[in-house]
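J.: Please find structure.txt (compact mmCIF, C-alpha atoms) on the next line:
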```txt
# COMPACT_ATOMS: atom_id res chain seq x y z
CA MET A 251 19.67 -0.51 -5.74
CA GLY A 252 19.88 3.22 -6.55
CA LYS A 253 16.47 3.50 -8.20
CA SER A 254 13.70 5.73 -6.87
CA ILE A 255 10.24 4.14 -6.90
CA LEU A 256 6.76 5.48 -6.23
CA ALA A 257 4.38 2.69 -5.21
CA LEU A 258 0.60 2.85 -4.95
CA CYS A 259 -0.60 0.48 -2.27
CA GLY A 260 -3.27 -0.68 0.12
CA GLY A 261 -3.92 -3.82 2.13
CA VAL A 262 -1.92 -6.90 3.05
CA GLY A 263 -0.93 -8.14 -0.42
CA GLY A 264 0.31 -4.72 -1.44
CA ALA A 265 2.29 -4.34 1.77
CA LYS A 266 4.16 -7.57 1.04
CA LEU A 267 5.51 -6.20 -2.23
CA VAL A 268 6.29 -2.89 -0.55
CA GLN A 269 8.41 -4.76 1.98
CA GLY A 270 10.30 -6.38 -0.89
CA LEU A 271 10.81 -2.98 -2.50
CA GLY A 272 11.97 -1.56 0.80
CA LYS A 273 14.59 -4.30 1.14
CA THR A 274 15.74 -3.77 -2.45
CA LEU A 275 16.04 0.02 -2.62
CA ARG A 276 18.41 2.35 -0.82
CA PRO A 277 17.03 4.07 2.31
CA GLY A 278 14.72 6.93 1.38
CA ASN A 279 14.28 5.86 -2.25
CA LEU A 280 10.85 4.27 -1.82
CA PHE A 281 7.75 6.44 -1.67
CA VAL A 282 4.56 4.54 -0.82
CA PHE A 283 1.31 6.34 -1.59
CA VAL A 284 -1.27 4.55 0.56
CA ASN A 285 -5.05 4.22 0.41
CA THR A 286 -6.93 5.95 3.25
CA GLY A 287 -10.46 5.15 2.07
CA ASP A 288 -10.60 2.44 4.77
CA ASP A 289 -9.92 4.93 7.57
CA PHE A 290 -12.57 5.30 10.25
CA HIS A 291 -13.07 6.04 13.94
CA HIS A 292 -13.39 3.15 16.38
CA LEU A 293 -13.64 3.47 20.15
CA GLY A 294 -13.26 7.19 19.59
CA LEU A 295 -9.86 6.73 17.95
CA PRO A 296 -8.78 7.43 14.34
CA VAL A 297 -7.79 4.14 12.69
CA SER A 298 -5.84 4.00 9.41
CA PRO A 299 -5.71 0.26 8.60
CA ASP A 300 -3.77 0.40 5.34
CA LEU A 301 -1.26 2.98 6.56
CA ASP A 302 -0.62 0.87 9.64
CA THR A 303 -0.32 -2.38 7.68
CA VAL A 304 2.28 -0.82 5.39
CA MET A 305 4.10 0.74 8.36
CA TYR A 306 4.18 -2.43 10.46
CA THR A 307 5.27 -4.49 7.46
CA LEU A 308 8.10 -2.14 6.49
CA ALA A 309 9.18 -2.03 10.12
CA GLY A 310 9.29 -5.84 10.26
CA VAL A 311 6.86 -6.05 13.19
CA ALA A 312 3.70 -7.18 11.35
CA ASP A 313 1.93 -10.37 12.37
CA GLN A 314 2.94 -12.65 9.50
CA ALA A 315 0.12 -15.13 10.07
CA LYS A 316 -2.67 -12.54 10.01
CA GLY A 317 -0.97 -10.12 7.64
CA TRP A 318 -2.20 -7.21 9.74
CA GLY A 319 -1.54 -5.98 13.26
CA ILE A 320 1.63 -6.46 15.28
CA ALA A 321 3.37 -9.73 16.06
CA GLY A 322 3.19 -10.91 19.66
CA GLU A 323 0.08 -8.89 20.42
CA THR A 324 -1.97 -9.13 23.58
CA TRP A 325 -5.70 -8.45 23.68
CA HIS A 326 -6.43 -7.43 27.28
CA PHE A 327 -8.10 -4.14 26.32
CA MET A 328 -10.52 -5.77 23.86
CA GLU A 329 -11.31 -8.53 26.33
CA MET A 330 -12.19 -5.98 28.99
CA ILE A 331 -14.19 -3.58 26.84
CA SER A 332 -16.21 -6.47 25.43
CA ARG A 333 -17.61 -6.91 28.93
CA PHE A 334 -19.33 -3.54 28.54
CA ASP A 335 -20.42 -3.62 24.91
CA ASP A 336 -19.89 -5.71 21.79
CA LEU A 337 -17.14 -3.56 20.32
CA SER A 338 -14.69 -6.34 19.55
CA TRP A 339 -15.95 -6.85 15.99
CA PHE A 340 -12.96 -4.73 14.97
CA ASN A 341 -10.04 -6.08 16.97
CA SER A 342 -7.13 -3.86 17.89
CA GLY A 343 -4.39 -5.37 20.00
CA ASP A 344 -2.88 -3.53 22.94
CA LYS A 345 0.22 -2.48 20.98
CA ASP A 346 -1.84 -1.43 17.96
CA LEU A 347 -4.06 0.73 20.19
CA ALA A 348 -1.00 2.74 21.18
CA THR A 349 -0.61 3.75 17.51
CA HIS A 350 -4.23 4.91 17.34
CA LEU A 351 -3.93 6.81 20.62
CA TYR A 352 -0.81 8.61 19.39
CA ARG A 353 -2.56 9.46 16.11
CA ALA A 354 -5.55 10.87 18.02
CA ARG A 355 -3.36 13.05 20.26
CA ALA A 356 -1.28 14.33 17.35
CA ALA A 357 -4.44 15.21 15.41
CA ARG A 358 -5.78 17.16 18.40
CA GLU A 359 -2.51 19.09 18.43
CA GLY A 360 -3.15 20.12 14.83
CA LEU A 361 -0.81 17.80 12.91
CA ARG A 362 -1.89 16.61 9.46
CA LEU A 363 -2.18 12.91 8.68
CA ASP A 364 0.96 12.95 6.53
CA GLU A 365 2.91 14.60 9.38
CA ILE A 366 1.58 12.07 11.88
CA THR A 367 2.45 9.20 9.54
CA ARG A 368 5.98 10.54 9.11
CA SER A 369 6.44 10.76 12.87
CA LEU A 370 5.09 7.24 13.45
CA SER A 371 7.36 5.86 10.71
CA ARG A 372 10.42 7.44 12.28
CA SER A 373 9.47 5.91 15.62
CA PHE A 374 9.57 2.47 13.97
CA GLY A 375 12.93 3.21 12.34
CA ILE A 376 11.51 3.27 8.82
CA GLU A 377 13.78 5.14 6.41
CA HIS A 378 11.44 4.99 3.42
CA ASN A 379 8.51 7.34 2.88
CA ILE A 380 4.89 6.40 3.67
CA ILE A 381 2.44 8.97 2.33
CA PRO A 382 -1.33 8.93 2.94
CA MET A 383 -3.24 9.52 -0.30
CA SER A 384 -4.85 12.61 1.27
CA ASN A 385 -4.98 14.55 4.50
CA ASP A 386 -8.66 15.11 3.81
CA PRO A 387 -11.23 12.42 4.65
CA VAL A 388 -12.24 10.07 1.83
CA ARG A 389 -14.51 7.20 2.85
CA THR A 390 -15.13 4.06 0.84
CA LEU A 391 -18.83 3.16 0.74
CA VAL A 392 -19.98 -0.22 -0.52
CA VAL A 393 -23.41 -0.33 -2.14
CA THR A 394 -24.81 -3.79 -1.47
CA ASP A 395 -28.00 -5.82 -1.43
CA ARG A 396 -28.25 -4.82 2.24
CA GLY A 397 -27.91 -1.12 1.57
CA THR A 398 -24.95 1.23 1.46
CA LEU A 399 -22.36 0.24 4.02
CA ALA A 400 -19.29 1.92 5.44
CA PHE A 401 -16.25 -0.05 4.34
CA GLN A 402 -15.37 -1.54 7.72
CA ASP A 403 -18.98 -2.60 8.29
CA TYR A 404 -18.88 -4.47 4.98
CA PHE A 405 -15.35 -5.79 5.25
CA VAL A 406 -15.00 -6.68 8.93
CA ARG A 407 -18.35 -6.62 10.72
CA LEU A 408 -20.21 -8.48 7.94
CA ASN A 409 -17.14 -10.37 6.64
CA CYS A 410 -17.78 -9.30 3.02
CA SER A 411 -21.00 -11.32 2.94
CA PRO A 412 -23.36 -8.77 1.29
CA ARG A 413 -23.47 -8.75 -2.50
CA VAL A 414 -21.67 -5.73 -3.94
CA LYS A 415 -23.49 -3.58 -6.49
CA ALA A 416 -21.22 -0.52 -6.61
CA ILE A 417 -18.42 1.22 -4.73
CA LYS A 418 -18.33 4.94 -3.98
CA PHE A 419 -15.71 7.22 -2.46
CA ALA A 420 -17.34 9.92 -0.37
CA GLY A 421 -15.32 13.12 -0.25
CA CYS A 422 -13.07 12.30 -3.21
CA ASP A 423 -14.27 15.37 -5.10
CA LYS A 424 -13.00 17.70 -2.38
CA ALA A 425 -9.94 15.81 -1.12
CA ARG A 426 -6.51 16.94 -2.21
CA VAL A 427 -3.41 14.83 -2.50
CA PRO A 428 -0.43 15.88 -0.34
CA GLY A 429 2.02 18.09 -2.16
CA SER A 430 4.62 15.35 -1.85
CA PHE A 431 2.79 13.24 -4.45
CA THR A 432 2.73 15.91 -7.14
CA ASP A 433 6.28 16.93 -6.23
CA LEU A 434 7.42 13.37 -6.87
CA LEU A 435 5.93 13.31 -10.33
CA ASN A 436 6.75 16.85 -11.42
CA GLU A 437 9.99 17.70 -9.65
CA ASN A 438 11.66 14.69 -8.03
CA LYS A 439 10.68 12.30 -10.79
CA PRO A 440 10.85 8.61 -9.78
CA ASP A 441 12.42 6.06 -12.08
CA ALA A 442 9.17 4.08 -12.15
CA ILE A 443 5.69 3.89 -10.65
CA ILE A 444 4.60 0.49 -9.35
CA ILE A 445 1.03 -0.44 -8.47
CA ALA A 446 1.16 -3.11 -5.78
CA PRO A 447 -0.95 -6.31 -5.98
CA SER A 448 -3.70 -4.68 -3.92
CA ASN A 449 -7.44 -4.98 -4.50
CA PRO A 450 -7.93 -2.67 -7.50
CA LEU A 451 -11.54 -1.86 -6.60
CA LEU A 452 -11.12 -1.27 -2.87
CA SER A 453 -7.48 -0.26 -2.36
CA ILE A 454 -6.28 1.42 -5.57
CA ALA A 455 -9.54 2.91 -6.90
CA PRO A 456 -9.85 5.31 -3.93
CA ILE A 457 -6.43 6.71 -4.82
CA LEU A 458 -7.38 7.04 -8.48
CA SER A 459 -10.63 8.78 -7.51
CA LEU A 460 -8.75 11.82 -6.21
CA LYS A 461 -8.60 14.86 -8.41
CA ASP A 462 -5.67 14.94 -10.82
CA VAL A 463 -4.18 11.57 -9.75
CA ARG A 464 -5.35 9.62 -12.78
CA SER A 465 -4.46 12.44 -15.17
CA ALA A 466 -1.03 12.73 -13.53
CA LEU A 467 -0.47 9.02 -14.10
CA GLN A 468 -1.63 9.32 -17.70
CA SER A 469 0.89 12.06 -18.37
CA ALA A 470 3.74 10.52 -16.37
CA SER A 471 6.97 10.22 -18.34
CA VAL A 472 8.21 7.19 -16.40
CA PRO A 473 7.07 3.57 -16.83
CA ILE A 474 4.05 2.48 -14.80
CA VAL A 475 3.88 -1.21 -13.91
CA ALA A 476 1.23 -3.09 -11.93
CA VAL A 477 1.61 -6.43 -10.22
CA SER A 478 -1.58 -8.45 -10.53
CA PRO A 479 -3.31 -9.77 -7.40
CA ILE A 480 -4.83 -12.64 -9.42
CA ILE A 481 -3.33 -16.12 -9.87
CA SER A 482 -5.23 -18.79 -11.80
CA GLY A 483 -8.52 -16.93 -11.48
CA LYS A 484 -8.23 -16.49 -7.72
CA ALA A 485 -7.13 -13.79 -5.32
CA LEU A 486 -4.73 -14.98 -2.68
CA LYS A 487 -5.95 -12.56 -0.03
CA GLY A 488 -9.23 -10.81 0.67
CA PRO A 489 -12.44 -10.45 -1.37
CA THR A 490 -10.89 -9.28 -4.65
CA ALA A 491 -12.17 -12.19 -6.75
CA LYS A 492 -15.59 -12.19 -5.10
CA ILE A 493 -16.14 -8.48 -5.69
CA MET A 494 -14.87 -8.66 -9.27
CA GLU A 495 -17.40 -11.41 -9.99
CA GLN A 496 -20.24 -9.47 -8.36
CA MET A 497 -19.36 -6.39 -10.43
CA ASP A 498 -19.29 -8.42 -13.66
CA MET A 499 -15.53 -8.34 -14.08
CA PRO A 500 -14.00 -11.65 -15.21
CA VAL A 501 -11.57 -12.81 -12.54
CA ASN A 502 -8.42 -12.81 -14.62
CA ASN A 503 -5.40 -10.67 -15.41
CA VAL A 504 -7.02 -9.22 -18.51
CA SER A 505 -9.55 -7.49 -16.25
CA ILE A 506 -6.72 -6.08 -14.14
CA ALA A 507 -5.02 -4.76 -17.28
CA GLU A 508 -8.25 -3.20 -18.53
CA PHE A 509 -8.86 -1.54 -15.15
CA TYR A 510 -5.52 0.31 -15.38
CA ARG A 511 -5.42 0.48 -19.19
CA ASP A 512 -5.46 4.27 -19.60
CA PHE A 513 -2.09 4.73 -17.90
CA LEU A 514 -0.46 1.28 -17.54
CA ASP A 515 2.68 0.33 -19.47
CA GLY A 516 3.32 -3.14 -18.06
CA LEU A 517 1.66 -5.87 -16.01
CA VAL A 518 3.42 -8.54 -13.96
CA ILE A 519 1.47 -11.80 -13.80
CA ASP A 520 2.15 -15.24 -12.39
CA ASN A 521 3.79 -17.96 -14.49
CA LYS A 522 0.58 -19.99 -14.23
CA ASP A 523 -1.26 -17.32 -16.22
CA GLU A 524 1.19 -17.04 -19.11
CA HIS A 525 -1.61 -18.02 -21.50
CA GLU A 526 -3.22 -14.60 -20.89
CA THR A 527 -0.19 -12.72 -22.21
CA GLY A 528 -1.41 -12.34 -25.78
CA GLU A 529 -4.80 -10.89 -24.84
CA ILE A 530 -3.22 -8.42 -22.43
CA GLU A 531 -0.64 -7.27 -24.96
CA LYS A 532 -3.43 -6.60 -27.45
CA LEU A 533 -4.40 -3.77 -25.08
CA GLY A 534 -0.99 -2.20 -25.63
CA ILE A 535 0.32 -3.36 -22.25
CA ARG A 536 3.56 -5.35 -21.99
CA VAL A 537 3.57 -8.47 -19.81
CA LYS A 538 6.15 -10.06 -17.54
CA THR A 539 5.53 -13.55 -16.19
CA THR A 540 7.20 -14.63 -12.97
CA GLY A 541 6.33 -16.15 -9.61
CA THR A 542 4.05 -13.67 -7.84
CA LEU A 543 3.25 -15.75 -4.74
CA MET A 544 4.96 -14.07 -1.77
CA ASN A 545 5.21 -16.62 1.03
CA SER A 546 8.56 -15.43 2.35
CA ILE A 547 10.67 -12.31 2.49
CA ARG A 548 12.89 -13.87 -0.16
CA ASP A 549 9.84 -14.15 -2.45
CA ARG A 550 8.97 -10.51 -1.81
CA ILE A 551 12.45 -9.28 -2.63
CA ALA A 552 12.63 -11.44 -5.76
CA LEU A 553 9.30 -10.10 -7.04
CA ALA A 554 10.34 -6.52 -6.24
CA GLU A 555 13.62 -6.93 -8.13
CA THR A 556 11.87 -8.53 -11.12
CA THR A 557 9.27 -5.75 -11.23
CA ILE A 558 11.90 -3.01 -11.12
CA ARG A 559 13.94 -4.68 -13.88
CA PHE A 560 10.76 -5.03 -15.96
CA ALA A 561 10.06 -1.31 -15.51
CA ASP A 562 13.64 -0.56 -16.56
CA SER A 563 13.13 -2.55 -19.75
CA LEU A 564 10.06 -0.48 -20.59
CA SER A 565 11.99 2.78 -20.32
CA ALA A 566 14.94 1.55 -22.36
```
I'd like the structure from this file rewritten - as structure tokens, please.

T.:
Amino acid sequence: MGKSILALCGGVGGAKLVQGLGKTLRPGNLFVFVNTGDDFHHLGLPVSPDLDTVMYTLAGVADQAKGWGIAGETWHFMEMISRFDDLSWFNSGDKDLATHLYRARAAREGLRLDEITRSLSRSFGIEHNIIPMSNDPVRTLVVTDRGTLAFQDYFVRLNCSPRVKAIKFAGCDKARVPGSFTDLLNENKPDAIIIAPSNPLLSIAPILSLKDVRSALQSASVPIVAVSPIISGKALKGPTAKIMEQMDMPVNNVSIAEFYRDFLDGLVIDNKDEHETGEIEKLGIRVKTTGTLMNSIRDRIALAETTIRFADSLSA
């Protein structure tokens, strides 16, 4: 397919659709703008979980059962270091650690995160474009009933158990988006912008918190379509539904539409939620119903093709 697509993404669910888009589009025609609010340092190494999940998934080496990490991993390093201290709460396999070590060395040599990501992607044979949302640090902080927690402490160490009161993005006021993002919108205009079925509060909101991103989306002259992460009032992966409930957002597709309402043209929802179409379209957002469950690569490609065709219909 000769279309050019800019996708906003973070997490496992979003990476699945990105893989479908990658299989659908010609090499180089997919630009994936990825959340880095989850980034942190572990064992002295810079870890970019969402960037790596997207990269491993596009490269076809992701662990399909877990959704993250690399297939066929071994865990000898974590087993050994756990003898010395309890650092295995965030597990990195031996192959995955090589990625973090390379990222650390490249950063010491003065390379920016987008340059490092481009080099890593080439090493995996990826012909599409993975772009970190910023080269500057932005850190997701989760305000909970147990205090304000760094994202990985909340998400991994405490397994999302604290009750969420608010979410903040430290550094978002100073962070700048890479020039490649604004170039895409202003010069090399994509045919459509697609928001992957990622957690809107944890994976997409950090991107939207950056200066000028939301306003750029509001003024974009191409259709913007989101794929909902909700099916029948549930999220298929991660704490999306739980956090929405705790932040007084009804767990349905109407809430997803309202979250993106100021720039969204269309929303793709599952066939099971067709009854929500009317309420969503009252917000001025068109709806496409289809199967959004992505259990196989065939499902991912089918959803990607449907989403692109839906975006085409909005620009007609």

J.: Of the candidates A:Ala470, A:Cys410, A:Leu452, A:Ile444, which shows the shortest atom-to-atom distance to Val518 in chain A, using all atoms listed in the file?

T.: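 With all atoms listed in the file as the atom set, the closest residue is A:Ile444.
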
J.: Could you check the closest approach to Pro412 in chain A for each of A:Leu363, A:Ser254, A:Ala348, A:Lys492 and tell me which residue wins, using all atoms listed in the file?

T.: A:Lys492

J.: Have a look at A:Ile366, A:Val504, A:Met251, A:Val388 and name the one nearest to Lys273 in chain A; count only C-alpha atoms.

T.: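 Result for the nearest residue to Lys273 in chain A: A:Met251.
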
J.: Which of these residues is nearest to Asn409 in chain A, using all atoms listed in the file: A:Asn449, A:Gly541, A:Pro489, A:Val501?

T.: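 With all atoms listed in the file as the atom set, the closest residue is A:Pro489.
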
J.: Might you pull out every residue within 12 Å of His291 in chain A, with all atoms listed in the file counted and same-chain residues fewer than 4 positions away left off, and present them as a list in words?

T.: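 Neighbouring residues, sequence-local ones excluded: Leu295, Pro296, Val297, Ser298, Pro299, Phe340, His350, Leu351, Arg353, Ala354, Pro387, Arg389, Ala400, Phe401, Gln402 and Asp403 of chain A.
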
J.: Extract, using only C-alpha atoms, all DNA, RNA and protein residues at most 10 Å from Pro500 in chain A, discarding same-chain residues fewer than 6 positions from it, and format them as an MDAnalysis selection string.

T.: chainID A and resid 483 491 494 506

J.: Export C-alpha atoms of the chosen residues as a compact mmCIF listing (two decimals), in the coordinates of the input?

T.:
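Just written: result08.txt:
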```
# COMPACT_ATOMS: atom_id res chain seq x y z
CA GLY A 483 -8.52 -16.93 -11.48
CA ALA A 491 -12.17 -12.19 -6.75
CA MET A 494 -14.87 -8.66 -9.27
CA ILE A 506 -6.72 -6.08 -14.14
```

J.: For Arg372 in chain A, which residue out of A:Gly397, A:Tyr306, A:Lys532, A:Lys418 is the nearest one, using all atoms listed in the file?

T.: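 When distances to Arg372 in chain A are compared using all atoms listed in the file, the smallest one comes from A:Tyr306.
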
J.: Go through range 263-354 of chain A and flag each residue having an atom no more than 10 Å from range 454-466 of chain A; for those, report the closest pair of atoms plus their distance in Å to one decimal, using all atoms listed in the file, ordered by chain and rising number, as JSON lines.

T.:
```
{"residue": "A:Gly264", "atom": "CA", "partner": "A:Ile454", "partner_atom": "CA", "distance": 9.9}
{"residue": "A:Phe283", "atom": "CA", "partner": "A:Ile457", "partner_atom": "CA", "distance": 8.4}
{"residue": "A:Val284", "atom": "CA", "partner": "A:Ile457", "partner_atom": "CA", "distance": 7.8}
{"residue": "A:Asn285", "atom": "CA", "partner": "A:Ile457", "partner_atom": "CA", "distance": 6.0}
{"residue": "A:Thr286", "atom": "CA", "partner": "A:Pro456", "partner_atom": "CA", "distance": 7.8}
{"residue": "A:Gly287", "atom": "CA", "partner": "A:Pro456", "partner_atom": "CA", "distance": 6.0}
{"residue": "A:Asp288", "atom": "CA", "partner": "A:Pro456", "partner_atom": "CA", "distance": 9.2}
```

J.: If we count all atoms listed in the file, what is near Val427 in chain A at a cut-off of 7 Å, once residues fewer than 2 positions away on the same chain are taken out, given as a PyMOL selection string?

T.: chain A and resi 383-384+425+429+431

J.: Just the residues within 6 Å of range 520-526 of chain A, please, counting all atoms listed in the file, with nothing from its chain fewer than 3 positions along; format it as a tab-separated table (two decimals) with C-alpha atoms, keeping the file's coordinate frame.

T.:
```tsv
chain	number	residue	atom	x	y	z
A	529	GLU	CA	-4.80	-10.89	-24.84
A	539	THR	CA	5.53	-13.55	-16.19
A	540	THR	CA	7.20	-14.63	-12.97
A	541	GLY	CA	6.33	-16.15	-9.61
A	542	THR	CA	4.05	-13.67	-7.84
```

J.: Mind pulling up the distance from CA of Ser478 in chain A to CA of Leu267 in chain A?

T.: 11.1 Å

J.: Listing only residues of range 523-563 of chain A within 9 Å of range 436-442 of chain A, what is the closest atom pair and its distance in Å (to one decimal) for each, using all atoms listed in the file, sorted by chain and residue number ascending, as JSON lines?

T.:
```
{"residue": "A:Ile558", "atom": "CA", "partner": "A:Ala442", "partner_atom": "CA", "distance": 7.7}
{"residue": "A:Ala561", "atom": "CA", "partner": "A:Ala442", "partner_atom": "CA", "distance": 6.4}
{"residue": "A:Asp562", "atom": "CA", "partner": "A:Ala442", "partner_atom": "CA", "distance": 7.8}
```

J.: Residues at most 6 Å from Val475 in chain A, counting all atoms listed in the file, excluding those fewer than 2 positions away in the same chain, as an MDAnalysis selection string?

T.: chainID A and resid 444 515:517

J.: Determine the nearest neighbour of Gly272 in chain A from the options A:Ile493, A:Ala309, A:Leu533, A:Ile320, counting all atoms listed in the file.

T.: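 Counting all atoms listed in the file, the residue closest to Gly272 in chain A is A:Ala309.
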
J.: Report the distance between CA of Lys345 in chain A and CA of Ile376 in chain A in Å, rounded to one decimal place.

T.: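 CA of Ile376 in chain A lies at a distance of 17.6 Å from CA of Lys345 in chain A.
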
J.: One decimal, in Å: what's the spacing between CA of Leu293 in chain A and CA of Asp344 in chain A?

T.: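 About the pair CA of Leu293 in chain A and CA of Asp344 in chain A: they are 13.1 Å apart.
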